[in-house]
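Data from data.tsv: TSV, N, CA and C atoms and all ligand atoms
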chain	number	residue	atom	x	y	z
Q	1	MET	N	0.85	-1.20	0.00
Q	1	MET	CA	0.00	0.00	0.00
Q	1	MET	C	0.89	1.25	0.00
Q	2	LYS	N	0.59	2.13	-0.90
Q	2	LYS	CA	1.37	3.36	-1.01
Q	2	LYS	C	0.43	4.54	-0.72
Q	3	GLU	N	0.97	5.60	-0.13
Q	3	GLU	CA	0.15	6.80	0.13
Q	3	GLU	C	0.57	7.91	-0.81
Q	4	LEU	N	-0.40	8.71	-1.19
Q	4	LEU	CA	-0.12	9.83	-2.10
Q	4	LEU	C	-1.10	10.96	-1.78
Q	5	VAL	N	-0.58	12.17	-1.67
Q	5	VAL	CA	-1.45	13.33	-1.46
Q	5	VAL	C	-1.79	13.92	-2.82
Q	6	CYS	N	-3.06	14.07	-3.08
Q	6	CYS	CA	-3.50	14.65	-4.35
Q	6	CYS	C	-3.20	16.15	-4.37
Q	7	ILE	N	-2.61	16.62	-5.46
Q	7	ILE	CA	-2.26	18.05	-5.57
Q	7	ILE	C	-3.12	18.75	-6.62
Q	8	VAL	N	-4.19	18.08	-7.05
Q	8	VAL	CA	-5.02	18.65	-8.12
Q	8	VAL	C	-5.84	19.85	-7.62
Q	9	CYS	N	-6.31	19.80	-6.36
Q	9	CYS	CA	-7.04	20.94	-5.81
Q	9	CYS	C	-6.61	21.16	-4.36
Q	10	PRO	N	-6.99	22.28	-3.77
Q	10	PRO	CA	-6.48	22.61	-2.43
Q	10	PRO	C	-6.92	21.66	-1.32
Q	11	ARG	N	-7.91	20.83	-1.55
Q	11	ARG	CA	-8.37	19.91	-0.51
Q	11	ARG	C	-7.29	18.92	-0.08
Q	12	GLY	N	-6.42	18.56	-1.00
Q	12	GLY	CA	-5.26	17.71	-0.66
Q	12	GLY	C	-5.61	16.36	-0.07
Q	13	CYS	N	-6.48	15.62	-0.72
Q	13	CYS	CA	-6.89	14.31	-0.21
Q	13	CYS	C	-5.68	13.38	-0.07
Q	14	ARG	N	-5.66	12.64	1.05
Q	14	ARG	CA	-4.61	11.65	1.27
Q	14	ARG	C	-5.13	10.32	0.73
Q	15	MET	N	-4.51	9.83	-0.33
Q	15	MET	CA	-5.03	8.64	-1.01
Q	15	MET	C	-4.16	7.43	-0.72
Q	16	GLN	N	-4.80	6.26	-0.74
Q	16	GLN	CA	-4.08	5.01	-0.59
Q	16	GLN	C	-4.12	4.28	-1.94
Q	17	LEU	N	-2.98	3.82	-2.37
Q	17	LEU	CA	-2.86	3.16	-3.67
Q	17	LEU	C	-2.44	1.72	-3.47
Q	18	ALA	N	-3.14	0.82	-4.10
Q	18	ALA	CA	-2.77	-0.59	-4.07
Q	18	ALA	C	-2.75	-1.09	-5.50
Q	19	GLU	N	-1.74	-1.88	-5.84
Q	19	GLU	CA	-1.64	-2.40	-7.20
Q	19	GLU	C	-1.61	-3.92	-7.16
Q	20	GLU	N	-2.47	-4.52	-7.95
Q	20	GLU	CA	-2.50	-5.97	-8.01
Q	20	GLU	C	-2.71	-6.38	-9.46
Q	21	ASN	N	-1.83	-7.23	-9.94
Q	21	ASN	CA	-1.88	-7.70	-11.33
Q	21	ASN	C	-1.93	-6.52	-12.32
Q	22	GLY	N	-1.15	-5.48	-12.02
Q	22	GLY	CA	-1.09	-4.32	-12.91
Q	22	GLY	C	-2.28	-3.39	-12.82
Q	23	ARG	N	-3.21	-3.70	-11.92
Q	23	ARG	CA	-4.41	-2.85	-11.80
Q	23	ARG	C	-4.30	-2.02	-10.53
Q	24	LEU	N	-4.49	-0.72	-10.67
Q	24	LEU	CA	-4.34	0.20	-9.54
Q	24	LEU	C	-5.70	0.46	-8.90
Q	25	THR	N	-5.74	0.32	-7.57
Q	25	THR	CA	-6.95	0.65	-6.82
Q	25	THR	C	-6.64	1.85	-5.93
Q	26	VAL	N	-7.49	2.88	-6.03
Q	26	VAL	CA	-7.28	4.12	-5.28
Q	26	VAL	C	-8.42	4.33	-4.31
Q	27	THR	N	-8.08	4.61	-3.04
Q	27	THR	CA	-9.10	4.96	-2.05
Q	27	THR	C	-8.67	6.26	-1.37
Q	28	GLY	N	-9.62	6.93	-0.77
Q	28	GLY	CA	-9.32	8.18	-0.05
Q	28	GLY	C	-9.43	9.41	-0.93
Q	29	ASN	N	-9.67	9.21	-2.22
Q	29	ASN	CA	-9.81	10.36	-3.13
Q	29	ASN	C	-11.22	10.92	-3.03
Q	30	GLY	N	-11.31	12.24	-3.02
Q	30	GLY	CA	-12.61	12.89	-2.90
Q	30	GLY	C	-13.36	12.97	-4.21
Q	31	CYS	N	-12.67	12.74	-5.33
Q	31	CYS	CA	-13.34	12.80	-6.64
Q	31	CYS	C	-12.52	12.01	-7.65
Q	32	LYS	N	-13.07	11.92	-8.86
Q	32	LYS	CA	-12.44	11.13	-9.93
Q	32	LYS	C	-11.08	11.70	-10.35
Q	33	ARG	N	-10.95	13.02	-10.21
Q	33	ARG	CA	-9.68	13.62	-10.64
Q	33	ARG	C	-8.51	13.08	-9.81
Q	34	GLY	N	-8.77	12.78	-8.55
Q	34	GLY	CA	-7.72	12.22	-7.69
Q	34	GLY	C	-7.27	10.86	-8.19
Q	35	ALA	N	-8.23	10.04	-8.61
Q	35	ALA	CA	-7.89	8.71	-9.13
Q	35	ALA	C	-7.06	8.85	-10.41
Q	36	ALA	N	-7.45	9.81	-11.25
Q	36	ALA	CA	-6.70	10.03	-12.50
Q	36	ALA	C	-5.28	10.52	-12.18
Q	37	PHE	N	-5.17	11.40	-11.17
Q	37	PHE	CA	-3.85	11.89	-10.78
Q	37	PHE	C	-3.00	10.73	-10.25
Q	38	ALA	N	-3.59	9.87	-9.43
Q	38	ALA	CA	-2.85	8.72	-8.87
Q	38	ALA	C	-2.37	7.81	-10.00
Q	39	GLU	N	-3.23	7.58	-10.97
Q	39	GLU	CA	-2.86	6.74	-12.12
Q	39	GLU	C	-1.68	7.36	-12.87
Q	40	SER	N	-1.80	8.65	-13.13
Q	40	SER	CA	-0.74	9.36	-13.85
Q	40	SER	C	0.57	9.38	-13.05
Q	41	GLU	N	0.47	9.62	-11.74
Q	41	GLU	CA	1.67	9.65	-10.90
Q	41	GLU	C	2.35	8.29	-10.85
Q	42	THR	N	1.56	7.25	-10.93
Q	42	THR	CA	2.11	5.90	-10.85
Q	42	THR	C	2.72	5.46	-12.18
Q	43	ARG	N	2.04	5.77	-13.28
Q	43	ARG	CA	2.47	5.27	-14.60
Q	43	ARG	C	3.42	6.22	-15.33
Q	44	ASP	N	3.13	7.53	-15.24
Q	44	ASP	CA	3.90	8.50	-16.04
Q	44	ASP	C	3.81	9.89	-15.40
Q	45	PRO	N	4.52	10.09	-14.28
Q	45	PRO	CA	4.41	11.38	-13.58
Q	45	PRO	C	4.89	12.55	-14.44
Q	46	ARG	N	4.09	13.60	-14.46
Q	46	ARG	CA	4.40	14.77	-15.30
Q	46	ARG	C	4.27	16.04	-14.48
Q	47	ARG	N	4.99	17.06	-14.91
Q	47	ARG	CA	4.93	18.35	-14.24
Q	47	ARG	C	5.05	19.46	-15.28
Q	48	THR	N	4.65	20.66	-14.87
Q	48	THR	CA	4.85	21.83	-15.71
Q	48	THR	C	6.07	22.60	-15.16
Q	49	ILE	N	6.59	23.50	-15.96
Q	49	ILE	CA	7.69	24.38	-15.51
Q	49	ILE	C	7.28	25.82	-15.80
Q	50	CYS	N	7.33	26.66	-14.80
Q	50	CYS	CA	7.19	28.11	-14.96
Q	50	CYS	C	8.46	28.71	-14.38
Q	51	THR	N	9.19	29.45	-15.20
Q	51	THR	CA	10.46	30.00	-14.73
Q	51	THR	C	10.78	31.26	-15.55
Q	52	THR	N	12.02	31.66	-15.57
Q	52	THR	CA	12.43	32.80	-16.39
Q	52	THR	C	13.65	32.39	-17.21
Q	53	VAL	N	13.83	33.10	-18.32
Q	53	VAL	CA	14.99	32.88	-19.16
Q	53	VAL	C	15.74	34.21	-19.30
Q	54	ARG	N	17.06	34.12	-19.41
Q	54	ARG	CA	17.89	35.32	-19.54
Q	54	ARG	C	17.64	35.99	-20.89
Q	55	THR	N	17.74	37.32	-20.92
Q	55	THR	CA	17.64	38.04	-22.20
Q	55	THR	C	18.92	38.87	-22.41
Q	56	ALA	N	19.07	39.37	-23.62
Q	56	ALA	CA	20.23	40.21	-23.95
Q	56	ALA	C	19.92	41.68	-23.73
Q	57	PHE	N	18.75	41.99	-23.15
Q	57	PHE	CA	18.31	43.37	-23.00
Q	57	PHE	C	18.48	43.83	-21.56
Q	58	PRO	N	19.38	44.77	-21.30
Q	58	PRO	CA	19.68	45.18	-19.92
Q	58	PRO	C	18.45	45.68	-19.15
Q	59	GLY	N	17.50	46.31	-19.84
Q	59	GLY	CA	16.32	46.83	-19.15
Q	59	GLY	C	15.35	45.73	-18.73
Q	60	VAL	N	15.43	44.61	-19.38
Q	60	VAL	CA	14.58	43.45	-19.06
Q	60	VAL	C	15.49	42.22	-19.06
Q	61	PRO	N	16.23	42.03	-18.00
Q	61	PRO	CA	17.25	40.96	-18.01
Q	61	PRO	C	16.70	39.54	-18.03
Q	62	VAL	N	15.44	39.37	-17.59
Q	62	VAL	CA	14.84	38.02	-17.64
Q	62	VAL	C	13.41	38.11	-18.15
Q	63	LEU	N	12.98	37.03	-18.82
Q	63	LEU	CA	11.63	36.96	-19.39
Q	63	LEU	C	10.92	35.74	-18.80
Q	64	PRO	N	9.69	35.91	-18.28
Q	64	PRO	CA	8.95	34.75	-17.78
Q	64	PRO	C	8.59	33.79	-18.91
Q	65	VAL	N	8.75	32.51	-18.64
Q	65	VAL	CA	8.42	31.48	-19.63
Q	65	VAL	C	7.76	30.29	-18.93
Q	66	ARG	N	7.12	29.44	-19.76
Q	66	ARG	CA	6.60	28.17	-19.24
Q	66	ARG	C	6.63	27.15	-20.36
Q	67	VAL	N	6.49	25.89	-20.00
Q	67	VAL	CA	6.39	24.87	-21.04
Q	67	VAL	C	4.95	24.82	-21.54
Q	68	SER	N	4.78	24.47	-22.81
Q	68	SER	CA	3.45	24.52	-23.43
Q	68	SER	C	2.58	23.33	-23.01
Q	69	ALA	N	3.16	22.32	-22.38
Q	69	ALA	CA	2.41	21.18	-21.86
Q	69	ALA	C	3.27	20.52	-20.79
Q	70	GLU	N	2.65	19.67	-20.00
Q	70	GLU	CA	3.41	19.01	-18.94
Q	70	GLU	C	4.47	18.10	-19.56
Q	71	ILE	N	5.59	17.98	-18.86
Q	71	ILE	CA	6.69	17.13	-19.33
Q	71	ILE	C	6.92	16.02	-18.31
Q	72	PRO	N	7.58	14.93	-18.72
Q	72	PRO	CA	7.89	13.89	-17.74
Q	72	PRO	C	8.69	14.47	-16.57
Q	73	LYS	N	8.27	14.11	-15.36
Q	73	LYS	CA	8.92	14.64	-14.16
Q	73	LYS	C	10.43	14.39	-14.18
Q	74	SER	N	10.82	13.26	-14.75
Q	74	SER	CA	12.24	12.88	-14.78
Q	74	SER	C	13.07	13.79	-15.68
Q	75	ARG	N	12.42	14.62	-16.53
Q	75	ARG	CA	13.17	15.47	-17.47
Q	75	ARG	C	13.20	16.94	-17.03
Q	76	ILE	N	12.67	17.24	-15.86
Q	76	ILE	CA	12.61	18.64	-15.41
Q	76	ILE	C	14.00	19.28	-15.38
Q	77	PHE	N	14.96	18.60	-14.79
Q	77	PHE	CA	16.30	19.21	-14.67
Q	77	PHE	C	16.95	19.37	-16.04
Q	78	ASP	N	16.70	18.42	-16.96
Q	78	ASP	CA	17.25	18.54	-18.32
Q	78	ASP	C	16.68	19.77	-19.03
Q	79	VAL	N	15.37	19.95	-18.90
Q	79	VAL	CA	14.74	21.11	-19.56
Q	79	VAL	C	15.21	22.41	-18.91
Q	80	MET	N	15.33	22.40	-17.58
Q	80	MET	CA	15.82	23.61	-16.90
Q	80	MET	C	17.24	23.95	-17.36
Q	81	ARG	N	18.05	22.93	-17.60
Q	81	ARG	CA	19.42	23.18	-18.09
Q	81	ARG	C	19.37	23.88	-19.45
Q	82	GLU	N	18.48	23.42	-20.34
Q	82	GLU	CA	18.34	24.05	-21.66
Q	82	GLU	C	17.87	25.50	-21.53
Q	83	ILE	N	16.92	25.72	-20.65
Q	83	ILE	CA	16.42	27.09	-20.44
Q	83	ILE	C	17.54	27.97	-19.89
Q	84	ASN	N	18.31	27.45	-18.96
Q	84	ASN	CA	19.39	28.24	-18.35
Q	84	ASN	C	20.52	28.53	-19.31
Q	85	ARG	N	20.66	27.74	-20.38
Q	85	ARG	CA	21.69	27.97	-21.40
Q	85	ARG	C	21.24	28.98	-22.44
Q	86	THR	N	20.01	29.37	-22.42
Q	86	THR	CA	19.41	30.18	-23.48
Q	86	THR	C	19.43	31.67	-23.12
Q	87	THR	N	19.71	32.49	-24.13
Q	87	THR	CA	19.57	33.93	-23.98
Q	87	THR	C	18.65	34.43	-25.10
Q	88	VAL	N	17.58	35.09	-24.73
Q	88	VAL	CA	16.64	35.64	-25.71
Q	88	VAL	C	17.24	36.91	-26.31
Q	89	ARG	N	17.34	36.95	-27.66
Q	89	ARG	CA	17.99	38.09	-28.31
Q	89	ARG	C	17.04	38.88	-29.20
Q	90	THR	N	15.78	38.49	-29.25
Q	90	THR	CA	14.77	39.25	-30.00
Q	90	THR	C	13.63	39.61	-29.06
Q	91	ARG	N	12.89	40.63	-29.44
Q	91	ARG	CA	11.82	41.12	-28.56
Q	91	ARG	C	10.56	40.27	-28.72
Q	92	LEU	N	10.59	39.15	-28.05
Q	92	LEU	CA	9.45	38.22	-28.10
Q	92	LEU	C	8.30	38.75	-27.26
Q	93	GLY	N	7.08	38.32	-27.60
Q	93	GLY	CA	5.90	38.66	-26.81
Q	93	GLY	C	5.26	37.42	-26.22
Q	94	ARG	N	4.21	37.62	-25.46
Q	94	ARG	CA	3.50	36.51	-24.82
Q	94	ARG	C	3.05	35.48	-25.86
Q	95	GLY	N	3.36	34.23	-25.63
Q	95	GLY	CA	2.97	33.14	-26.53
Q	95	GLY	C	4.03	32.80	-27.57
Q	96	ASP	N	5.04	33.68	-27.72
Q	96	ASP	CA	6.10	33.38	-28.69
Q	96	ASP	C	6.99	32.26	-28.17
Q	97	VAL	N	7.48	31.47	-29.11
Q	97	VAL	CA	8.29	30.30	-28.75
Q	97	VAL	C	9.73	30.72	-28.49
Q	98	VAL	N	10.23	30.35	-27.34
Q	98	VAL	CA	11.63	30.61	-26.97
Q	98	VAL	C	12.48	29.40	-27.36
Q	99	LEU	N	12.02	28.21	-27.04
Q	99	LEU	CA	12.70	26.95	-27.42
Q	99	LEU	C	11.65	26.02	-28.02
Q	100	GLU	N	11.84	25.66	-29.29
Q	100	GLU	CA	10.88	24.80	-29.96
Q	100	GLU	C	11.22	23.34	-29.70
Q	101	ASN	N	10.20	22.54	-29.38
Q	101	ASN	CA	10.36	21.10	-29.20
Q	101	ASN	C	11.59	20.80	-28.34
Q	102	VAL	N	11.59	21.38	-27.16
Q	102	VAL	CA	12.78	21.28	-26.30
Q	102	VAL	C	13.12	19.82	-26.04
Q	103	LEU	N	14.37	19.47	-26.31
Q	103	LEU	CA	14.92	18.12	-26.13
Q	103	LEU	C	14.08	17.04	-26.80
Q	104	GLY	N	13.36	17.42	-27.86
Q	104	GLY	CA	12.56	16.45	-28.60
Q	104	GLY	C	11.37	15.91	-27.82
Q	105	LEU	N	10.94	16.64	-26.79
Q	105	LEU	CA	9.83	16.17	-25.95
Q	105	LEU	C	8.46	16.51	-26.53
Q	106	GLY	N	8.45	17.23	-27.67
Q	106	GLY	CA	7.17	17.61	-28.26
Q	106	GLY	C	6.51	18.77	-27.54
Q	107	VAL	N	7.30	19.52	-26.80
Q	107	VAL	CA	6.79	20.62	-25.98
Q	107	VAL	C	7.68	21.84	-26.25
Q	108	ASP	N	7.06	23.00	-26.35
Q	108	ASP	CA	7.83	24.23	-26.53
Q	108	ASP	C	7.97	24.97	-25.21
Q	109	VAL	N	9.01	25.80	-25.12
Q	109	VAL	CA	9.11	26.76	-24.02
Q	109	VAL	C	8.64	28.09	-24.60
Q	110	VAL	N	7.61	28.68	-24.00
Q	110	VAL	CA	7.01	29.89	-24.56
Q	110	VAL	C	7.04	31.04	-23.56
Q	111	ALA	N	7.12	32.24	-24.10
Q	111	ALA	CA	7.10	33.44	-23.26
Q	111	ALA	C	5.70	33.62	-22.67
Q	112	THR	N	5.63	34.06	-21.43
Q	112	THR	CA	4.33	34.30	-20.79
Q	112	THR	C	4.13	35.79	-20.51
Q	113	SER	N	4.99	36.62	-21.07
Q	113	SER	CA	4.87	38.06	-20.85
Q	113	SER	C	5.31	38.79	-22.12
Q	114	SER	N	4.74	39.96	-22.33
Q	114	SER	CA	5.15	40.80	-23.46
Q	114	SER	C	6.02	41.95	-22.99
Q	115	VAL	N	6.58	41.84	-21.81
Q	115	VAL	CA	7.36	42.94	-21.24
Q	115	VAL	C	8.52	43.36	-22.17
Q	116	LEU	N	9.10	42.41	-22.90
Q	116	LEU	CA	10.20	42.76	-23.81
Q	116	LEU	C	9.71	43.60	-24.98
Q	117	LYS	N	8.50	43.30	-25.44
Q	117	LYS	CA	7.93	44.04	-26.57
Q	117	LYS	C	7.48	45.43	-26.17
Q	118	GLU	N	7.12	45.56	-24.89
Q	118	GLU	CA	6.49	46.80	-24.41
Q	118	GLU	C	7.49	47.80	-23.84
Q	119	THR	N	8.75	47.45	-23.84
Q	119	THR	CA	9.75	48.37	-23.29
Q	119	THR	C	10.87	48.58	-24.29
Q	120	ASP	N	11.49	49.74	-24.27
Q	120	ASP	CA	12.61	50.05	-25.16
Q	120	ASP	C	13.95	49.74	-24.50
Q	121	ALA	N	13.90	49.46	-23.20
Q	121	ALA	CA	15.17	49.30	-22.45
Q	121	ALA	C	15.93	48.06	-22.91
D	1	LIG	S1	-9.15	13.87	-5.01
D	1	LIG	FE1	-10.48	15.47	-5.87
D	1	LIG	S2	-11.18	16.60	-4.06
D	1	LIG	FE2	-9.40	15.43	-3.40
D	1	LIG	S3	-7.64	16.83	-3.67
D	1	LIG	FE3	-7.83	15.60	-5.54
D	1	LIG	S4	-9.06	16.87	-6.91
D	1	LIG	FE4	-9.34	17.67	-4.85
Let me see the file written as C-alpha cells.
Amino acid sequence: MKELVCIVCPRGCRMQLAEENGRLTVTGNGCKRGAAFAESETRDPRRTICTTVRTAFPGVPVLPVRVSAEIPKSRIFDVMREINRTTVRTRLGRGDVVLENVLGLGVDVVATSSVLKETDA
C-alpha cells in the first residue's frame, strides 16, 4: 500500500494506492480527478515548468516562460538546463516560442509576458 497526497485541488486528499496484477486501486480520493492523478503519478508522472529565461536586453534581463504542456517529471532538470543555457535576443511577446520542441519532448518553451515588446530598455 502506497500513500499519495492529491495536488489537483487545495483539498489535498490523502489517497491510498494498491496495485495488483497491474491494476491500480485508489481509495481516499474525494473525486475522480484524484484517481486520475494517482494513475498518472504511478504510470507516467508529469509536471509543468514556470520559470524565467535570460535576455540580452539590460532593461529586461529576464523573461517569464513556461512549457506549453506538462513534461515527464524525470526530465525537469534537463529542460531547466536548456532554459538556463538560453539567452533571448529578439523582442518576443506573450505566446512566442523561446525553445521549440525542447529536447525532442514535443513541448515548446514559450514566453508568458510581453514585457520585452512593451519596453525600449
Ligand atoms: S481527489 Fe479530488 S477533491 Fe481530493 S484533492 Fe484531488 S481533486 Fe481535490
In the coordinate frame of the file, compute which residues have an atom within 6 Å of (0.1, 0.5, -4.2) when using all atoms listed in the file, and state them as a tab-separated table (two decimals) with N, CA and C atoms, keeping the file's coordinate frame.
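Dumped everything to part_38.tsv:
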chain	number	residue	atom	x	y	z
Q	1	MET	N	0.85	-1.20	0.00
Q	1	MET	CA	0.00	0.00	0.00
Q	1	MET	C	0.89	1.25	0.00
Q	2	LYS	N	0.59	2.13	-0.90
Q	2	LYS	CA	1.37	3.36	-1.01
Q	2	LYS	C	0.43	4.54	-0.72
Q	17	LEU	N	-2.98	3.82	-2.37
Q	17	LEU	CA	-2.86	3.16	-3.67
Q	17	LEU	C	-2.44	1.72	-3.47
Q	18	ALA	N	-3.14	0.82	-4.10
Q	18	ALA	CA	-2.77	-0.59	-4.07
Q	18	ALA	C	-2.75	-1.09	-5.50
Q	19	GLU	N	-1.74	-1.88	-5.84
Q	19	GLU	CA	-1.64	-2.40	-7.20
Q	19	GLU	C	-1.61	-3.92	-7.16
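Of the residues listed (Q:Arg54, Q:Arg66, Q:Arg89, Q:Arg47), Q:Arg66 shows the shortest atom-to-atom separation from Q:Ala111; distances use all atoms listed in the file.
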Please give me, as a list of chain:residue names, the residues lying within 5 Å of ligand LIG 1 (chain D) when counting all atoms listed in the file.
Q:Cys6, Q:Val8, Q:Cys9, Q:Arg11, Q:Gly12, Q:Cys13, Q:Asn29, Q:Gly30, Q:Cys31, Q:Arg33, Q:Gly34
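Take the candidates Q:Ala69, Q:Val79, Q:Leu92, Q:Cys50 and check each one against Q:Glu118 using only C-alpha atoms; the shortest distance goes to Q:Leu92.
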Which residues, protein or nucleic acid, reach to within 7 Å of (-0.5, 32.2, -24.2) in the file's coordinates when using only N, CA and C atoms, and can you give that as a ChimeraX atom specification?
/Q:94-96,111-112
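Near Q:Gly104, within a cut-off of 12 Å and counting only C-alpha atoms, sit the residues Q:Ile71, Q:Arg75, Q:Asp78, Q:Val79, Q:Glu82, with same-chain residues fewer than 6 positions away left out.
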Could you save the residues just selected, with N, CA and C atoms, as an mmCIF file, in the coordinates of the input?
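Output file part.cif is given in full below:
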data_model
loop_
_atom_site.group_PDB
_atom_site.id
_atom_site.type_symbol
_atom_site.label_atom_id
_atom_site.label_comp_id
_atom_site.auth_asym_id
_atom_site.auth_seq_id
_atom_site.Cartn_x
_atom_site.Cartn_y
_atom_site.Cartn_z
ATOM 1 N N ILE Q 71 5.590 17.980 -18.860
ATOM 2 C CA ILE Q 71 6.690 17.130 -19.330
ATOM 3 C C ILE Q 71 6.920 16.020 -18.310
ATOM 4 N N ARG Q 75 12.420 14.620 -16.530
ATOM 5 C CA ARG Q 75 13.170 15.470 -17.470
ATOM 6 C C ARG Q 75 13.200 16.940 -17.030
ATOM 7 N N ASP Q 78 16.700 18.420 -16.960
ATOM 8 C CA ASP Q 78 17.250 18.540 -18.320
ATOM 9 C C ASP Q 78 16.680 19.770 -19.030
ATOM 10 N N VAL Q 79 15.370 19.950 -18.900
ATOM 11 C CA VAL Q 79 14.740 21.110 -19.560
ATOM 12 C C VAL Q 79 15.210 22.410 -18.910
ATOM 13 N N GLU Q 82 18.480 23.420 -20.340
ATOM 14 C CA GLU Q 82 18.340 24.050 -21.660
ATOM 15 C C GLU Q 82 17.870 25.500 -21.530
#
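Counting only N, CA and C atoms and comparing Q:Met80, Q:Asp108, Q:Thr25, Q:Thr86, the residue that lies closest to Q:Ala56 is Q:Thr86.
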Strand (DSSP E) per DSSP on the backbone: members of chain Q, as a ChimeraX atom specification:
/Q:2-5,14-20,23-27,46-47,50-57,60-67,71-72,87-88,97-99,109-111
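One distance worth recording is that between atom N of Q:Ser113 and atom N of Q:Gly93, which is 7.1 Å.
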Between atom C of Q:Gly28 and atom CA of Q:Gln16, what is the distance, to one decimal in Å?
6.9 Å
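Considering all atoms listed in the file, the residue among Q:Ile7, Q:Val97, Q:Val60, Q:Ala38 positioned nearest to Q:Leu116 is Q:Val60.
Between atom C of Q:Ile49 and atom C of Q:Leu99 lies a distance of 13.0 Å.
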As a PyMOL selection string, which residues of stretch 36-93 of chain Q does DSSP assign to alpha helix (DSSP H)?
chain Q and resi 36-43+76-84
